[in-house]
Structures are given as C-alpha cells and as structure tokens.
Amino acid sequence: MQLIDGKLTSKEVRKEIAAEVEAIKAAGGKIPHLAAILVGHDGGSESYVSGKMKACEEVGFKSSLIRYDDDVTEEELLNKVKELNNDQDVDGFIVQLPLPKHIDEEKVNETIDPRKDVDGFHPVNVGRMTIGMPAFISATPQGIMELLKRYKIETSGKHVVVVGRSNIVGRPMSVLLSQKGNPGNATVTVAHSRTANLKELCLSADIIVAAIGSPGFVKGDMVKEGAVVIDVGTTRVPAMDTKSGWRLKGDVLFDEVAPKCSYITPVPGGVGPMTITSLIINTLKSAKKEIYS
Ligand code: NAP
C-alpha cells in the first residue's frame with residue numbers, strides 16, 4: 001500500500017509555480033493576480049480565504065482581499081464582481097461561499113466573467129468541462145486529477161465508482177474520469193444515496209472516489225484487493241485529545257481499508273492540501289491565457 005501524499009505534492013506544485021513566477025518576473029512580465037471577495041466573518045470562510053492569500057504569497061502572486069460586512073447589498077456585491085471582471089490587472093477572482101441568505105449565490109456566480117472564474121463554478125466552465133473543451137475546473141476535482149497524474153495511477157479502462165454526485169466534487173469527478181485523456185478513459189459509475197447495491201458496486205471498483213460527508217462510510221469489506229481509494233470526505237468529529245476539540249475524519253475507514261489498497265489518500269493530508277493549490281494553478285492558467293485566449 002502506498003499513501004498518496006497530498007501535502008508533499010501540493011508543496012512540489014507550489015515550488016514549480018513559484019519558479020515560473022520568478023521566470024515571468026525576470027522576463028519583465030505581469031505577475032499573476034488573484035482577488036478574493038469575503039462577506040462577513042464566518043470562521044471557516046476566514047480561514048479558507050486566509051489560506052488562499054497565503055498561498056499567493058508563497059508562489060509570488062499578487063493578491064487582493066475585498067471584505068464586506070454581512071449586511072452588504074446584493075447590488076453592491078454584483079457591482080464589485082463587475083468591476084473585477086473589467087479590472088485588467090486581475091487575472092482571476094473568487095467569491096468565498098457561503099454568502100448571507102439575502103444574496104442570491106447563483107446570480108453572483110453567473111455574473112462572474114467565465115474567463116476569470118478560477119473557482120470553475122460558472123455554468124460556462126462546467127459546460128465546457130463536460131464537453132471536453134478547455135475550462136477552469138473546480139479545485140477539489142482538479143486536485144484529485146493532479147494527484148492521479150503525478151502518482152501515475154492508471155485510470156484507462158478501469159472501473160471507477162464515484163460515491164457522491166455533488167456539483168463541486170462527485171459529478172465533476174465522474175465527468176473528468178470518463179473523458180478521453182490521461183487521467184481519464186475510465187468506465188465510471190456514479191453512486192448516491194438512492195443507489196441500491198453500493199457494496200457490490202464498490203467491490204467491483206478498481207478505483208473508489210468517496211465524496212459523501214459520512215465518516216468511515218467505506219469499510220474494508222466494500223473494497224477489493226489492490227484498489228485505489230481516494231477519500232474526499234472531511235468531517236469534523238469531536239475529539240477530547242486535540243486542542244481544537246475536533247479532528248477531521250474521512251469517508252473511508254482507513255485502518256480497515258488501507259491494507260487492501262494499492263494506493264490511498266489519508267485524511268488529513270490527502271485530497272485537502274491540493275484544493276488551494278488547484279486555485280493557484282487556475283490563476284496561473286488564467287494569467288497565461290491557457291483556457292481562454
Ligand atoms: P454533498 O453536497 O453533501 O454531497 C454528498 C453526496 O453523497 C450526495 O450526492 C449524496 O447523495 C451522497 N450520499 C450521502 N449519503 C450517502 C449514502 N448513504 N450512500 C451513498 N451516497 C450518499 O457533499 P460534497 O460537497 O460533495 O462533499 C462531500 C465530502 O467531501 C464532505 O465531507 C466535504 O466536507 C468533503 N469535501 C472535501 C474537500 C477537500 O478539499 N478535501 C472539498 C470539498 C468537499 P444524494 O445526492 O442522493 O443526496
């Protein structure tokens with residue numbers, strides 16, 4: 001069994017990007033610039049955005065944080081989005097979710113110029129990804145694809161069972177792995193809460209992607225010998241022995257499943273660390289006009 005080390009891979013990717021930024025600087029080019037809009041003071045959102053800003057600093061990007069209080073109007077927010085759409089210096093930007101209830105998230109998302117949508121949530125990018133056109137791909141699925149690529153995990157002709165069909169993880173994963181390409185060319189089954197024979201399906205899988213949000217859901221008797229298991233789940237469970245009083249648990253019962261696997265991602269330290277790095281990858285792609293010329 002080999003661990004897929006997302007922390008290490010993330011460090012490597014950031015190093016490569018930092019070197020590229022140095023080269024852009026040396027050639028007198030424009031430094032990539034990521035902007036983030038943060039509404040309110042939710043602890044989770046604060047820490048995600050701060051991680052994104054720190055990652056920019058680490059690779060040498062320019063970053064801007066635009067903050068609003070919870071009572072910002074939808075119109076004010078949409079005007080800022082439009083301003084960023086037209087700001088020539090900004091290569092990409094994100095609006096940190098969730099937004100307060102009085103703001104229509106879909107409307108905000110659809111107002112973002114798809115050419116600057118480095119989160120890859122705009123329907124144009126989702127549509128382009130689905131038909132195999134160049135697109136910004138949302139962070140978690142892109143991070144998983146990068147891990148599969150870097151660990152040279154064969155997906156062609158394999159049976160992948162993706163458990164979960166959310167718009168941010170399960171569904172895009174199933175699209176990406178079934179597309180022509182490498183990684184890709186897999187035969188994909190998408191499972192969800194109405195799937196009848198999940199255990200049998202998982203037992204027939206060469207690769208399982210678990211994106212459910214139910215700690216320890218995938219057990220040892222659901223996984224065949226030699227399978228690759230990608231655990232996307234991150235649920236905070238109470239823990240007396242940690243400073244914070246909680247610890248992150250994946251969707252896979254690691255101790256039972258790991259001995260059967262050829263490769264497995266741990267939680268924490270697997271898929272998670274690649275998520276912010278994927279946003280950095282997308283911002284660089286935007287600056288280099290790799291997706292939209
Ligand atoms: P979500 O929107 O809640 O979707 C969960 C999916 O799991 C749904 O499609 C649901 O089916 C399915 N499901 C629930 N119970 C099931 C069961 N008993 N059997 C089979 N399928 C079941 O969650 P998400 O946003 O995709 O996130 C999933 C997990 O990944 C969460 O723990 C989240 O925190 C984590 N996550 C981690 C990262 C990271 O960077 N590491 C990023 C994003 C998400 P239905 O559609 O039928 O309801």
# chains A, B, ... in the order shown; residues from 1 in each chain; ligands from 1

$ closest_atom_pairs --of "chain A" --to "ligand 1" --cutoff "7 Å" --atoms "only C-alpha atoms and all ligand atoms" --output "Markdown table"
| residue | atom | partner | partner_atom_place_in_ligand_line | distance |
| --- | --- | --- | --- | --- |
| A:Thr140 | CA | ligand 1 | 42 (C) | 5.3 |
| A:Val163 | CA | ligand 1 | 21 (N) | 5.5 |
| A:Gly164 | CA | ligand 1 | 6 (C) | 3.6 |
| A:Arg165 | CA | ligand 1 | 9 (O) | 3.7 |
| A:Ser166 | CA | ligand 1 | 2 (O) | 4.4 |
| A:Asn167 | CA | ligand 1 | 26 (O) | 7.0 |
| A:Ile168 | CA | ligand 1 | 26 (O) | 5.9 |
| A:Val169 | CA | ligand 1 | 26 (O) | 4.8 |
| A:Gly170 | CA | ligand 1 | 26 (O) | 5.8 |
| A:Ala191 | CA | ligand 1 | 20 (C) | 6.0 |
| A:His192 | CA | ligand 1 | 21 (N) | 3.5 |
| A:Ser193 | CA | ligand 1 | 21 (N) | 3.8 |
| A:Arg194 | CA | ligand 1 | 47 (O) | 5.6 |
| A:Thr195 | CA | ligand 1 | 20 (C) | 6.4 |
| A:Ala211 | CA | ligand 1 | 28 (C) | 4.1 |
| A:Ile212 | CA | ligand 1 | 7 (O) | 3.5 |
| A:Gly213 | CA | ligand 1 | 32 (O) | 3.2 |
| A:Ser214 | CA | ligand 1 | 32 (O) | 6.5 |
| A:Val232 | CA | ligand 1 | 30 (O) | 4.7 |
| A:Gly233 | CA | ligand 1 | 32 (O) | 3.5 |
| A:Thr234 | CA | ligand 1 | 32 (O) | 4.0 |
| A:Thr235 | CA | ligand 1 | 32 (O) | 5.0 |
| A:Gly250 | CA | ligand 1 | 32 (O) | 6.9 |
| A:Asp251 | CA | ligand 1 | 32 (O) | 6.9 |
| A:Val271 | CA | ligand 1 | 41 (N) | 5.0 |
| A:Gly272 | CA | ligand 1 | 41 (N) | 3.6 |
| A:Pro273 | CA | ligand 1 | 40 (O) | 6.9 |
| A:Thr275 | CA | ligand 1 | 40 (O) | 5.0 |

$ residues_around --residues "A:Lys199" --least-positions-apart "4" --cutoff "10 Å" --atoms "only C-alpha atoms" --output "ChimeraX atom specification"
/A:195,203-204,218-219,221-223

$ write_last_selection --atoms "all heavy atoms" --output "compact mmCIF listing (two decimals), in the first residue's frame"
# COMPACT_ATOMS: atom_id res chain seq x y z
N THR A 195 -28.65 4.71 -4.42
CA THR A 195 -28.04 3.56 -5.09
C THR A 195 -28.34 2.29 -4.29
O THR A 195 -28.11 2.26 -3.07
CB THR A 195 -26.51 3.77 -5.24
OG1 THR A 195 -26.32 4.94 -6.01
CG2 THR A 195 -25.83 2.60 -5.90
N LEU A 203 -17.20 -3.15 -4.53
CA LEU A 203 -16.34 -4.33 -4.60
C LEU A 203 -15.85 -4.60 -6.03
O LEU A 203 -14.84 -5.26 -6.23
CB LEU A 203 -17.08 -5.56 -4.06
CG LEU A 203 -16.99 -5.75 -2.55
CD1 LEU A 203 -17.97 -6.84 -2.10
CD2 LEU A 203 -15.57 -6.11 -2.11
N SER A 204 -16.59 -4.07 -7.02
CA SER A 204 -16.17 -4.28 -8.41
C SER A 204 -15.30 -3.13 -8.91
O SER A 204 -14.87 -3.12 -10.06
CB SER A 204 -17.41 -4.44 -9.31
OG SER A 204 -17.99 -3.16 -9.51
N VAL A 218 -16.99 4.02 4.00
CA VAL A 218 -16.43 2.94 3.17
C VAL A 218 -15.61 2.02 4.07
O VAL A 218 -14.58 2.41 4.61
CB VAL A 218 -15.58 3.50 2.01
CG1 VAL A 218 -14.96 2.36 1.19
CG2 VAL A 218 -16.40 4.42 1.12
N LYS A 219 -16.08 0.77 4.20
CA LYS A 219 -15.44 -0.18 5.12
C LYS A 219 -14.59 -1.19 4.34
O LYS A 219 -14.68 -1.28 3.11
CB LYS A 219 -16.53 -0.94 5.90
CG LYS A 219 -17.62 -0.04 6.45
CD LYS A 219 -17.70 -0.12 7.92
CE LYS A 219 -18.69 0.80 8.60
NZ LYS A 219 -19.27 1.92 7.91
N ASP A 221 -14.81 -4.35 3.95
CA ASP A 221 -15.50 -5.38 3.16
C ASP A 221 -16.18 -4.80 1.91
O ASP A 221 -16.90 -5.50 1.21
CB ASP A 221 -16.51 -6.14 4.02
CG ASP A 221 -17.64 -5.25 4.53
OD1 ASP A 221 -17.60 -4.03 4.26
OD2 ASP A 221 -18.56 -5.76 5.19
N MET A 222 -15.93 -3.51 1.63
CA MET A 222 -16.51 -2.89 0.42
C MET A 222 -15.45 -2.67 -0.65
O MET A 222 -15.73 -2.13 -1.72
CB MET A 222 -17.14 -1.53 0.77
CG MET A 222 -18.35 -1.62 1.68
SD MET A 222 -18.82 -0.01 2.31
CE MET A 222 -19.63 0.72 0.89
N VAL A 223 -14.20 -3.05 -0.33
CA VAL A 223 -13.08 -2.69 -1.21
C VAL A 223 -12.34 -3.95 -1.65
O VAL A 223 -12.02 -4.80 -0.81
CB VAL A 223 -12.11 -1.74 -0.46
CG1 VAL A 223 -10.92 -1.36 -1.34
CG2 VAL A 223 -12.85 -0.49 0.00

$ residues_around --residues "A:Arg247" --least-positions-apart "2" --cutoff "8 Å" --atoms "only C-alpha atoms" --output "NGL selection string"
:A and (235-239 or 242 or 244-245 or 249)

$ select_by_dssp --residues "stretch 102-285 of chain A" --states "helix (DSSP H, G or I)" --output "MDAnalysis selection string"
chainID A and resid 105:111 114:116 123:130 139:150 170:178 198:203 220:222 254:260 272:285

$ residues_around --residues "A:Arg115" --least-positions-apart "6" --cutoff "9 Å" --atoms "only C-alpha atoms" --output "list of chain:residue names"
A:Asn85, A:Asp91, A:Gly92, A:Asn125, A:Ala135, A:Phe136, A:Ser286, A:Lys289, A:Ile291, A:Tyr292

$ write_last_selection --atoms "C-alpha atoms" --output "mmCIF file, in the first residue's frame"
data_model
loop_
_atom_site.group_PDB
_atom_site.id
_atom_site.type_symbol
_atom_site.label_atom_id
_atom_site.label_comp_id
_atom_site.auth_asym_id
_atom_site.auth_seq_id
_atom_site.Cartn_x
_atom_site.Cartn_y
_atom_site.Cartn_z
ATOM 1 C CA ASN A 85 -14.481 41.432 -14.397
ATOM 2 C CA ASP A 91 -6.363 37.526 -13.696
ATOM 3 C CA GLY A 92 -8.876 35.642 -11.620
ATOM 4 C CA ASN A 125 -16.889 26.470 -17.304
ATOM 5 C CA ALA A 135 -12.181 25.104 -18.885
ATOM 6 C CA PHE A 136 -11.435 26.183 -15.365
ATOM 7 C CA SER A 286 -5.681 32.459 -16.491
ATOM 8 C CA LYS A 289 -4.398 32.754 -21.152
ATOM 9 C CA ILE A 291 -8.017 28.407 -21.118
ATOM 10 C CA TYR A 292 -9.433 31.447 -22.954
#

$ select_by_dssp --residues "stretch 75-267 of chain A" --states "strand (DSSP E or B)" --output "PyMOL selection string"
chain A and resi 92-95+117+159-163+187-191+207-210+218+228-231+235-238+246-249+252+263-264

$ closest_residue --among "A:Glu20, A:Asp119, A:Asp241, A:Asp5" --to "A:Ile276" --atoms "only C-alpha atoms"
A:Asp119

$ residues_around --residues "stretch 257-266 of chain A" --least-positions-apart "3" --cutoff "6 Å" --atoms "only C-alpha atoms" --output "list in words"
Met1, Gln2, Leu3, Ile4, Gly220, Glu225, Gly226, Ala227, Val228, Val229, Ile230, Asp231, Phe254, Gly269 and Gly270 of chain A

$ write_last_selection --atoms "C-alpha atoms" --output "short mmCIF file (atom, residue, chain, number, x, y, z; two decimals), in the first residue's frame"
data_model
loop_
_atom_site.label_atom_id
_atom_site.label_comp_id
_atom_site.auth_asym_id
_atom_site.auth_seq_id
_atom_site.Cartn_x
_atom_site.Cartn_y
_atom_site.Cartn_z
CA MET A 1 0.00 0.00 0.00
CA GLN A 2 1.28 3.43 -0.91
CA LEU A 3 -0.01 6.65 0.61
CA ILE A 4 -0.87 9.42 -1.81
CA GLY A 220 -12.91 -2.92 4.49
CA GLU A 225 -7.65 -6.13 -3.03
CA GLY A 226 -5.40 -3.73 -4.92
CA ALA A 227 -7.99 -0.97 -5.36
CA VAL A 228 -7.09 2.72 -5.38
CA VAL A 229 -9.11 4.70 -2.84
CA ILE A 230 -9.48 8.48 -2.95
CA ASP A 231 -11.06 9.82 0.23
CA PHE A 254 -8.74 3.98 6.92
CA GLY A 269 -3.05 15.20 4.20
CA GLY A 270 -4.52 13.67 1.02
#

$ residues_around --residues "A:Phe121" --least-positions-apart "4" --cutoff "12 Å" --atoms "only C-alpha atoms" --output "PDB file with N, CA and C atoms, in the first residue's frame"
ATOM      1  N   PHE A  93     -10.625  35.752  -9.951  1.00  0.00           N
ATOM      2  CA  PHE A  93     -11.103  36.066  -8.601  1.00  0.00           C
ATOM      3  C   PHE A  93     -12.154  35.064  -8.149  1.00  0.00           C
ATOM      4  N   ILE A  94     -12.323  35.029  -6.839  1.00  0.00           N
ATOM      5  CA  ILE A  94     -13.315  34.128  -6.253  1.00  0.00           C
ATOM      6  C   ILE A  94     -14.214  34.927  -5.319  1.00  0.00           C
ATOM      7  N   VAL A  95     -15.435  34.453  -5.172  1.00  0.00           N
ATOM      8  CA  VAL A  95     -16.317  34.990  -4.140  1.00  0.00           C
ATOM      9  C   VAL A  95     -16.488  33.845  -3.150  1.00  0.00           C
ATOM     10  N   GLN A  96     -15.962  34.022  -1.945  1.00  0.00           N
ATOM     11  CA  GLN A  96     -15.986  32.932  -0.971  1.00  0.00           C
ATOM     12  C   GLN A  96     -17.429  32.601  -0.564  1.00  0.00           C
ATOM     13  N   LEU A  97     -17.769  31.318  -0.640  1.00  0.00           N
ATOM     14  CA  LEU A  97     -19.105  30.854  -0.247  1.00  0.00           C
ATOM     15  C   LEU A  97     -19.028  30.242   1.150  1.00  0.00           C
ATOM     16  N   GLU A 105     -26.687  33.394  -4.469  1.00  0.00           N
ATOM     17  CA  GLU A 105     -25.347  32.893  -4.848  1.00  0.00           C
ATOM     18  C   GLU A 105     -25.251  32.592  -6.338  1.00  0.00           C
ATOM     19  N   GLU A 106     -26.346  32.040  -6.879  1.00  0.00           N
ATOM     20  CA  GLU A 106     -26.323  31.683  -8.301  1.00  0.00           C
ATOM     21  C   GLU A 106     -26.147  32.920  -9.176  1.00  0.00           C
ATOM     22  N   LYS A 107     -26.838  33.984  -8.784  1.00  0.00           N
ATOM     23  CA  LYS A 107     -26.763  35.233  -9.543  1.00  0.00           C
ATOM     24  C   LYS A 107     -25.335  35.791  -9.498  1.00  0.00           C
ATOM     25  N   VAL A 108     -24.748  35.728  -8.307  1.00  0.00           N
ATOM     26  CA  VAL A 108     -23.368  36.223  -8.159  1.00  0.00           C
ATOM     27  C   VAL A 108     -22.444  35.376  -9.031  1.00  0.00           C
ATOM     28  N   ASN A 109     -22.587  34.057  -8.948  1.00  0.00           N
ATOM     29  CA  ASN A 109     -21.741  33.138  -9.718  1.00  0.00           C
ATOM     30  C   ASN A 109     -21.864  33.416 -11.220  1.00  0.00           C
ATOM     31  N   GLU A 110     -23.101  33.618 -11.663  1.00  0.00           N
ATOM     32  CA  GLU A 110     -23.310  33.827 -13.101  1.00  0.00           C
ATOM     33  C   GLU A 110     -22.863  35.204 -13.568  1.00  0.00           C
ATOM     34  N   THR A 111     -22.625  36.115 -12.618  1.00  0.00           N
ATOM     35  CA  THR A 111     -22.160  37.455 -13.008  1.00  0.00           C
ATOM     36  C   THR A 111     -20.644  37.476 -13.209  1.00  0.00           C
ATOM     37  N   ILE A 112     -19.968  36.484 -12.630  1.00  0.00           N
ATOM     38  CA  ILE A 112     -18.506  36.410 -12.797  1.00  0.00           C
ATOM     39  C   ILE A 112     -18.185  36.106 -14.260  1.00  0.00           C
ATOM     40  N   ASP A 113     -17.232  36.821 -14.809  1.00  0.00           N
ATOM     41  CA  ASP A 113     -16.790  36.550 -16.179  1.00  0.00           C
ATOM     42  C   ASP A 113     -16.134  35.156 -16.200  1.00  0.00           C
ATOM     43  N   PRO A 114     -16.653  34.214 -17.004  1.00  0.00           N
ATOM     44  CA  PRO A 114     -16.082  32.857 -17.013  1.00  0.00           C
ATOM     45  C   PRO A 114     -14.575  32.857 -17.251  1.00  0.00           C
ATOM     46  N   ARG A 115     -14.068  33.885 -17.929  1.00  0.00           N
ATOM     47  CA  ARG A 115     -12.616  33.936 -18.193  1.00  0.00           C
ATOM     48  C   ARG A 115     -11.816  34.240 -16.928  1.00  0.00           C
ATOM     49  N   LYS A 116     -12.516  34.703 -15.882  1.00  0.00           N
ATOM     50  CA  LYS A 116     -11.818  34.978 -14.611  1.00  0.00           C
ATOM     51  C   LYS A 116     -12.305  34.074 -13.483  1.00  0.00           C
ATOM     52  N   ASP A 117     -13.134  33.094 -13.840  1.00  0.00           N
ATOM     53  CA  ASP A 117     -13.776  32.213 -12.855  1.00  0.00           C
ATOM     54  C   ASP A 117     -12.823  31.085 -12.448  1.00  0.00           C
ATOM     55  N   ASN A 125     -18.054  27.345 -17.541  1.00  0.00           N
ATOM     56  CA  ASN A 125     -16.889  26.470 -17.304  1.00  0.00           C
ATOM     57  C   ASN A 125     -17.314  25.027 -17.053  1.00  0.00           C
ATOM     58  N   VAL A 126     -18.418  24.846 -16.332  1.00  0.00           N
ATOM     59  CA  VAL A 126     -18.905  23.480 -16.081  1.00  0.00           C
ATOM     60  C   VAL A 126     -19.295  22.841 -17.420  1.00  0.00           C
ATOM     61  N   GLY A 127     -19.970  23.612 -18.268  1.00  0.00           N
ATOM     62  CA  GLY A 127     -20.392  23.105 -19.578  1.00  0.00           C
ATOM     63  C   GLY A 127     -19.196  22.787 -20.464  1.00  0.00           C
ATOM     64  N   ARG A 128     -18.237  23.689 -20.482  1.00  0.00           N
ATOM     65  CA  ARG A 128     -17.037  23.460 -21.305  1.00  0.00           C
ATOM     66  C   ARG A 128     -16.297  22.210 -20.834  1.00  0.00           C
ATOM     67  N   MET A 129     -16.183  22.059 -19.510  1.00  0.00           N
ATOM     68  CA  MET A 129     -15.516  20.862 -18.983  1.00  0.00           C
ATOM     69  C   MET A 129     -16.254  19.600 -19.446  1.00  0.00           C
ATOM     70  N   ALA A 135     -11.298  24.472 -19.878  1.00  0.00           N
ATOM     71  CA  ALA A 135     -12.181  25.104 -18.885  1.00  0.00           C
ATOM     72  C   ALA A 135     -11.461  25.212 -17.558  1.00  0.00           C
ATOM     73  N   PHE A 136     -11.893  26.179 -16.753  1.00  0.00           N
ATOM     74  CA  PHE A 136     -11.435  26.183 -15.365  1.00  0.00           C
ATOM     75  C   PHE A 136     -12.194  25.088 -14.640  1.00  0.00           C
ATOM     76  N   ILE A 137     -11.460  24.188 -14.022  1.00  0.00           N
ATOM     77  CA  ILE A 137     -12.076  23.059 -13.317  1.00  0.00           C
ATOM     78  C   ILE A 137     -12.019  23.326 -11.827  1.00  0.00           C
ATOM     79  N   SER A 138     -13.120  23.030 -11.134  1.00  0.00           N
ATOM     80  CA  SER A 138     -13.174  23.394  -9.718  1.00  0.00           C
ATOM     81  C   SER A 138     -12.082  22.657  -8.928  1.00  0.00           C
ATOM     82  N   ALA A 139     -11.718  23.295  -7.821  1.00  0.00           N
ATOM     83  CA  ALA A 139     -10.465  22.972  -7.135  1.00  0.00           C
ATOM     84  C   ALA A 139     -10.311  21.515  -6.697  1.00  0.00           C
ATOM     85  N   THR A 140     -11.320  20.949  -6.056  1.00  0.00           N
ATOM     86  CA  THR A 140     -11.136  19.601  -5.498  1.00  0.00           C
ATOM     87  C   THR A 140     -10.975  18.553  -6.614  1.00  0.00           C
ATOM     88  N   PRO A 141     -11.886  18.518  -7.616  1.00  0.00           N
ATOM     89  CA  PRO A 141     -11.676  17.544  -8.688  1.00  0.00           C
ATOM     90  C   PRO A 141     -10.339  17.748  -9.414  1.00  0.00           C
ATOM     91  N   ASN A 167     -22.287  18.933  -7.091  1.00  0.00           N
ATOM     92  CA  ASN A 167     -21.758  19.735  -8.197  1.00  0.00           C
ATOM     93  C   ASN A 167     -20.296  20.091  -8.018  1.00  0.00           C
ATOM     94  N   ILE A 168     -19.818  20.085  -6.754  1.00  0.00           N
ATOM     95  CA  ILE A 168     -18.427  20.500  -6.565  1.00  0.00           C
ATOM     96  C   ILE A 168     -17.438  19.342  -6.523  1.00  0.00           C
ATOM     97  N   VAL A 169     -17.910  18.137  -6.242  1.00  0.00           N
ATOM     98  CA  VAL A 169     -16.962  17.005  -6.206  1.00  0.00           C
ATOM     99  C   VAL A 169     -17.416  15.826  -7.075  1.00  0.00           C
ATOM    100  N   PRO A 172     -18.405  16.451 -11.125  1.00  0.00           N
ATOM    101  CA  PRO A 172     -17.246  16.757 -11.987  1.00  0.00           C
ATOM    102  C   PRO A 172     -16.215  15.633 -12.017  1.00  0.00           C
ATOM    103  N   LEU A 279      -6.436  26.180  -7.040  1.00  0.00           N
ATOM    104  CA  LEU A 279      -6.854  27.554  -7.321  1.00  0.00           C
ATOM    105  C   LEU A 279      -5.667  28.367  -7.851  1.00  0.00           C
TER     106      LEU A 279
END

$ closest_residue --among "A:Leu253, A:Ile17, A:Thr155, A:Ile24" --to "A:Pro215" --atoms "only C-alpha atoms"
A:Leu253

$ atom_distance --atom1 "atom CA of A:Leu84" --atom2 "atom CA of A:Leu38"
13.7 Å

$ closest_residue --among "A:Ser47, A:Val81, A:His41, A:Pro32" --to "A:Lys285" --atoms "only C-alpha atoms"
A:Pro32

$ closest_residue --among "A:Val39, A:Glu12, A:Glu46, A:Ile131" --to "A:Pro100" --atoms "only C-alpha atoms"
A:Val39

$ closest_residue --among "A:Ile66, A:Val160, A:Leu99, A:Met274" --to "A:Asn185" --atoms "only C-alpha atoms"
A:Val160

$ decode --residues "stretch 199-208 of chain A" --atoms "all heavy atoms" --output "mmCIF file, in the first residue's frame"
data_model
loop_
_atom_site.group_PDB
_atom_site.id
_atom_site.type_symbol
_atom_site.label_atom_id
_atom_site.label_comp_id
_atom_site.auth_asym_id
_atom_site.auth_seq_id
_atom_site.Cartn_x
_atom_site.Cartn_y
_atom_site.Cartn_z
ATOM 1 N N LYS A 199 -22.503 -1.738 -2.001
ATOM 2 C CA LYS A 199 -21.381 -2.591 -1.575
ATOM 3 C C LYS A 199 -20.849 -3.407 -2.757
ATOM 4 O O LYS A 199 -19.645 -3.461 -2.983
ATOM 5 C CB LYS A 199 -21.841 -3.511 -0.437
ATOM 6 C CG LYS A 199 -20.726 -4.338 0.150
ATOM 7 C CD LYS A 199 -21.193 -5.131 1.353
ATOM 8 C CE LYS A 199 -20.121 -6.129 1.755
ATOM 9 N NZ LYS A 199 -20.570 -7.045 2.791
ATOM 10 N N GLU A 200 -21.756 -4.011 -3.534
ATOM 11 C CA GLU A 200 -21.342 -4.830 -4.684
ATOM 12 C C GLU A 200 -20.638 -3.950 -5.720
ATOM 13 O O GLU A 200 -19.628 -4.345 -6.298
ATOM 14 C CB GLU A 200 -22.545 -5.516 -5.356
ATOM 15 C CG GLU A 200 -23.157 -6.647 -4.553
ATOM 16 C CD GLU A 200 -23.912 -6.167 -3.308
ATOM 17 O OE1 GLU A 200 -24.398 -5.012 -3.295
ATOM 18 O OE2 GLU A 200 -23.985 -6.930 -2.325
ATOM 19 N N LEU A 201 -21.173 -2.754 -5.936
ATOM 20 C CA LEU A 201 -20.553 -1.843 -6.901
ATOM 21 C C LEU A 201 -19.130 -1.492 -6.474
ATOM 22 O O LEU A 201 -18.191 -1.550 -7.271
ATOM 23 C CB LEU A 201 -21.366 -0.544 -7.011
ATOM 24 C CG LEU A 201 -22.586 -0.572 -7.913
ATOM 25 C CD1 LEU A 201 -23.353 0.743 -7.789
ATOM 26 C CD2 LEU A 201 -22.178 -0.806 -9.363
ATOM 27 N N CYS A 202 -18.993 -1.143 -5.197
ATOM 28 C CA CYS A 202 -17.666 -0.769 -4.696
ATOM 29 C C CYS A 202 -16.697 -1.944 -4.802
ATOM 30 O O CYS A 202 -15.532 -1.767 -5.159
ATOM 31 C CB CYS A 202 -17.742 -0.275 -3.251
ATOM 32 S SG CYS A 202 -18.460 1.367 -3.125
ATOM 33 N N LEU A 203 -17.204 -3.150 -4.528
ATOM 34 C CA LEU A 203 -16.337 -4.332 -4.603
ATOM 35 C C LEU A 203 -15.850 -4.596 -6.027
ATOM 36 O O LEU A 203 -14.836 -5.257 -6.230
ATOM 37 C CB LEU A 203 -17.078 -5.561 -4.063
ATOM 38 C CG LEU A 203 -16.992 -5.753 -2.552
ATOM 39 C CD1 LEU A 203 -17.969 -6.835 -2.095
ATOM 40 C CD2 LEU A 203 -15.567 -6.113 -2.111
ATOM 41 N N SER A 204 -16.587 -4.070 -7.019
ATOM 42 C CA SER A 204 -16.171 -4.285 -8.410
ATOM 43 C C SER A 204 -15.302 -3.132 -8.908
ATOM 44 O O SER A 204 -14.869 -3.124 -10.059
ATOM 45 C CB SER A 204 -17.406 -4.438 -9.309
ATOM 46 O OG SER A 204 -17.994 -3.158 -9.506
ATOM 47 N N ALA A 205 -15.013 -2.158 -8.033
ATOM 48 C CA ALA A 205 -14.283 -0.965 -8.492
ATOM 49 C C ALA A 205 -12.767 -1.138 -8.409
ATOM 50 O O ALA A 205 -12.245 -1.655 -7.424
ATOM 51 C CB ALA A 205 -14.687 0.232 -7.629
ATOM 52 N N ASP A 206 -12.092 -0.674 -9.466
ATOM 53 C CA ASP A 206 -10.626 -0.598 -9.409
ATOM 54 C C ASP A 206 -10.221 0.663 -8.643
ATOM 55 O O ASP A 206 -9.168 0.717 -8.026
ATOM 56 C CB ASP A 206 -10.053 -0.515 -10.834
ATOM 57 C CG ASP A 206 -10.481 -1.699 -11.684
ATOM 58 O OD1 ASP A 206 -10.206 -2.839 -11.259
ATOM 59 O OD2 ASP A 206 -11.120 -1.499 -12.743
ATOM 60 N N ILE A 207 -11.075 1.690 -8.778
ATOM 61 C CA ILE A 207 -10.806 2.967 -8.095
ATOM 62 C C ILE A 207 -12.109 3.425 -7.440
ATOM 63 O O ILE A 207 -13.166 3.420 -8.088
ATOM 64 C CB ILE A 207 -10.327 4.041 -9.106
ATOM 65 C CG1 ILE A 207 -9.054 3.578 -9.824
ATOM 66 C CG2 ILE A 207 -10.105 5.394 -8.410
ATOM 67 C CD1 ILE A 207 -8.592 4.477 -10.975
ATOM 68 N N ILE A 208 -12.027 3.822 -6.179
ATOM 69 C CA ILE A 208 -13.206 4.374 -5.492
ATOM 70 C C ILE A 208 -12.894 5.825 -5.133
ATOM 71 O O ILE A 208 -11.833 6.121 -4.570
ATOM 72 C CB ILE A 208 -13.537 3.590 -4.205
ATOM 73 C CG1 ILE A 208 -13.920 2.143 -4.544
ATOM 74 C CG2 ILE A 208 -14.661 4.270 -3.417
ATOM 75 C CD1 ILE A 208 -14.114 1.247 -3.315
#
